[in-house]
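Asker: Dropping the structure in here first, questions after.
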Amino acid sequence: GQQVMQIPQYQHVQEGEDFTTYCNSSTTLSNIQWYKQRPGGHPVFLIQLVKSGEVKKQKRLTFQFGEAKKNSSLHITATQTTDVGTYFCAGRDSSYKLIFGSGTRLLVRP
Amino acid sequence: DAGVIQSPRHEVTEMGQEVTLRCKPISGHDYLFWYRQTMMRGLELLIYFNNNVPIDDSGMPEDRFSAKMPNASFSTLKIQPSEPRDSAVYFCASSPGLAGVNEQFFGPGTRLTVL
């Protein structure tokens, strides 16, 4: 079945440094969604990418969808302590289920 | 809107006991999902419903797990009998349309501990 892998598993950065998490699928994705889960919280939707090569920005967050629609990335510029949490990508399979990646846990040192 | 509501928020039970988790989706959302989250296995989809009808239960671990959606505003996930390996956070989520096309709104989760 479809698998969605994320790297790195953990990332510990100094406040102000940049952060990137990568998402790779074993199959071509129809679209991809990104979610953020704060410690002790629940996943919260951030964004959806649909088109090949699409790039979207939300303030300090930049999301990219690969040209082949098999990979995606989330880049945070100048991290802040409020960015702490686990970031999940989720790809849609042929049956319209979302397959969640393993997540990247971001820790920010103040 | 209050968002997705789950109860209880925490449940501690002993092995062999029956556990029932409850979910109220956002009004007007046609899709409801049950997920399980553990450190080892991450976020797993257990089952999802469309208009109260179970569509895909391939993620349900075994016959000890069952889920129902008697109406558009209520769903339950039942584990009988419970086992220590069922300890996890169980999330309910709802969506206004097809998964992967529309965003999913997650509830706060139920943290289940089976002793």
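Identifiers in this document derive from the order of the structure tokens: chains are assigned A, B, ..., residues are numbered from 1 separately in each chain, and ligands are numbered from 1 in order of occurrence.
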Return the neighbours of chain A among the residues of chain B, cut-off 8 Å, counting only C-alpha atoms, as a PyMOL selection string.
Answerer: chain B and resi 41-45+91+98-101+103-109
Asker: Determine, counting only C-alpha atoms, which protein, DNA and RNA residues have an atom within 12 Å of an atom of A:Asp83; residues of the same chain fewer than 6 positions away are not included. Present the result as a VMD selection string.
Answerer: chain A and resid 11 to 19 36 to 39 60 to 61 75 to 77 105 to 110
Asker: Find, counting only C-alpha atoms, the residue in B:Ile47, B:Ala88, B:Val19, B:Leu115 that gets nearest to B:Tyr31.
Answerer: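 Ranking B:Ile47, B:Ala88, B:Val19, B:Leu115 by distance to B:Tyr31, first place goes to B:Ile47.
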Asker: Of the candidates B:Cys23, B:Lys68, B:Gln37, B:Asp56, which one gets nearest to B:Arg85 if we count only C-alpha atoms?
Answerer: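 Nearest to B:Arg85: B:Gln37.
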Asker: Tell me, as a list of chain:residue names, which residues lie within 7 Å of B:Val89, counting only C-alpha atoms; anything in the same chain fewer than 5 positions away does not count.
Answerer: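 In the requested format, the answer is B:Arg36, B:Gln37, B:Thr38, B:Gly109, B:Thr110, B:Arg111, B:Leu112.
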Asker: List every residue of chain B that DSSP, applied to the backbone, labels as strand (DSSP E or B), and write the result as a PyMOL selection string.
Answerer: chain B and resi 5-7+10-13+19-24+31-38+42-50+53-56+65-71+74-79+88-95+99+102+105-106+110-114
Asker: Write out as JSON, numbers by chain each polymer residue whose atoms come within 7 Å of B:Asp30, counting only C-alpha atoms; drop sequence neighbours fewer than 6 positions from it.
Answerer: {"B": [50, 51, 95, 96, 97]}
Asker: Within 9 Å of A:Glu54, counting only C-alpha atoms, which residues show up once you throw out same-chain ones fewer than 5 positions away? Write them as JSON, numbers by chain, please.
Answerer: {"A": [49, 63, 64, 65, 66, 67]}
Asker: What does the structure give for the distance between atom CA of B:Tyr90 and atom CA of A:Leu74, in Å to one decimal?
Answerer: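 Atom-to-atom, atom CA of B:Tyr90 to atom CA of A:Leu74, that is 26.1 Å.
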Asker: Between B:Gly16, B:Pro81, B:Pro54, B:Gly3, which has the minimum distance to B:Met69 (counting only C-alpha atoms)?
Answerer: B:Pro54
Asker: Using only C-alpha atoms, determine which residues lie at most 8 Å from B:Ile79, disregarding the query and same-chain residues fewer than 4 positions distant; provide the list as an NGL selection string.
Answerer: :B and (18-20 or 64-66)
Asker: Give me a file of those residues, with N, CA, C and O atoms, as an mmCIF file, in the first residue's frame.
Answerer:
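This is the output file again39.cif:
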```cif
data_model
loop_
_atom_site.group_PDB
_atom_site.id
_atom_site.type_symbol
_atom_site.label_atom_id
_atom_site.label_comp_id
_atom_site.auth_asym_id
_atom_site.auth_seq_id
_atom_site.Cartn_x
_atom_site.Cartn_y
_atom_site.Cartn_z
ATOM 1 N N GLU B 18 -14.508 -3.294 29.085
ATOM 2 C CA GLU B 18 -15.010 -2.653 27.871
ATOM 3 C C GLU B 18 -14.782 -1.156 27.948
ATOM 4 O O GLU B 18 -14.986 -0.539 28.992
ATOM 5 N N VAL B 19 -14.372 -0.574 26.827
ATOM 6 C CA VAL B 19 -14.134 0.865 26.755
ATOM 7 C C VAL B 19 -14.962 1.440 25.615
ATOM 8 O O VAL B 19 -14.987 0.875 24.517
ATOM 9 N N THR B 20 -15.631 2.539 25.878
ATOM 10 C CA THR B 20 -16.408 3.214 24.833
ATOM 11 C C THR B 20 -15.969 4.665 24.742
ATOM 12 O O THR B 20 -16.027 5.410 25.719
ATOM 13 N N ARG B 64 -11.904 -7.016 18.314
ATOM 14 C CA ARG B 64 -12.195 -6.387 19.616
ATOM 15 C C ARG B 64 -12.638 -4.936 19.444
ATOM 16 O O ARG B 64 -13.219 -4.353 20.342
ATOM 17 N N PHE B 65 -12.339 -4.377 18.289
ATOM 18 C CA PHE B 65 -12.685 -2.989 17.999
ATOM 19 C C PHE B 65 -13.946 -2.940 17.145
ATOM 20 O O PHE B 65 -14.077 -3.678 16.174
ATOM 21 N N SER B 66 -14.853 -2.034 17.523
ATOM 22 C CA SER B 66 -16.044 -1.810 16.706
ATOM 23 C C SER B 66 -16.411 -0.337 16.766
ATOM 24 O O SER B 66 -16.139 0.335 17.764
#
```
Asker: With the cut-off set at 10 Å and counting only C-alpha atoms, tabulate each residue of stretch 36-81 of chain B with an atom at most that distance from an atom of stretch 6-15 of chain B, showing the nearest atom pair and its distance in Å to one decimal, ordered by chain and increasing number, as a Markdown table.
Answerer:
```
| residue | atom | partner | partner_atom | distance |
| --- | --- | --- | --- | --- |
| B:Phe74 | CA | B:Gln6 | CA | 9.9 |
| B:Ser75 | CA | B:Gln6 | CA | 9.6 |
| B:Thr76 | CA | B:Gln6 | CA | 9.7 |
| B:Gln80 | CA | B:Met15 | CA | 9.6 |
| B:Pro81 | CA | B:Met15 | CA | 7.2 |
```
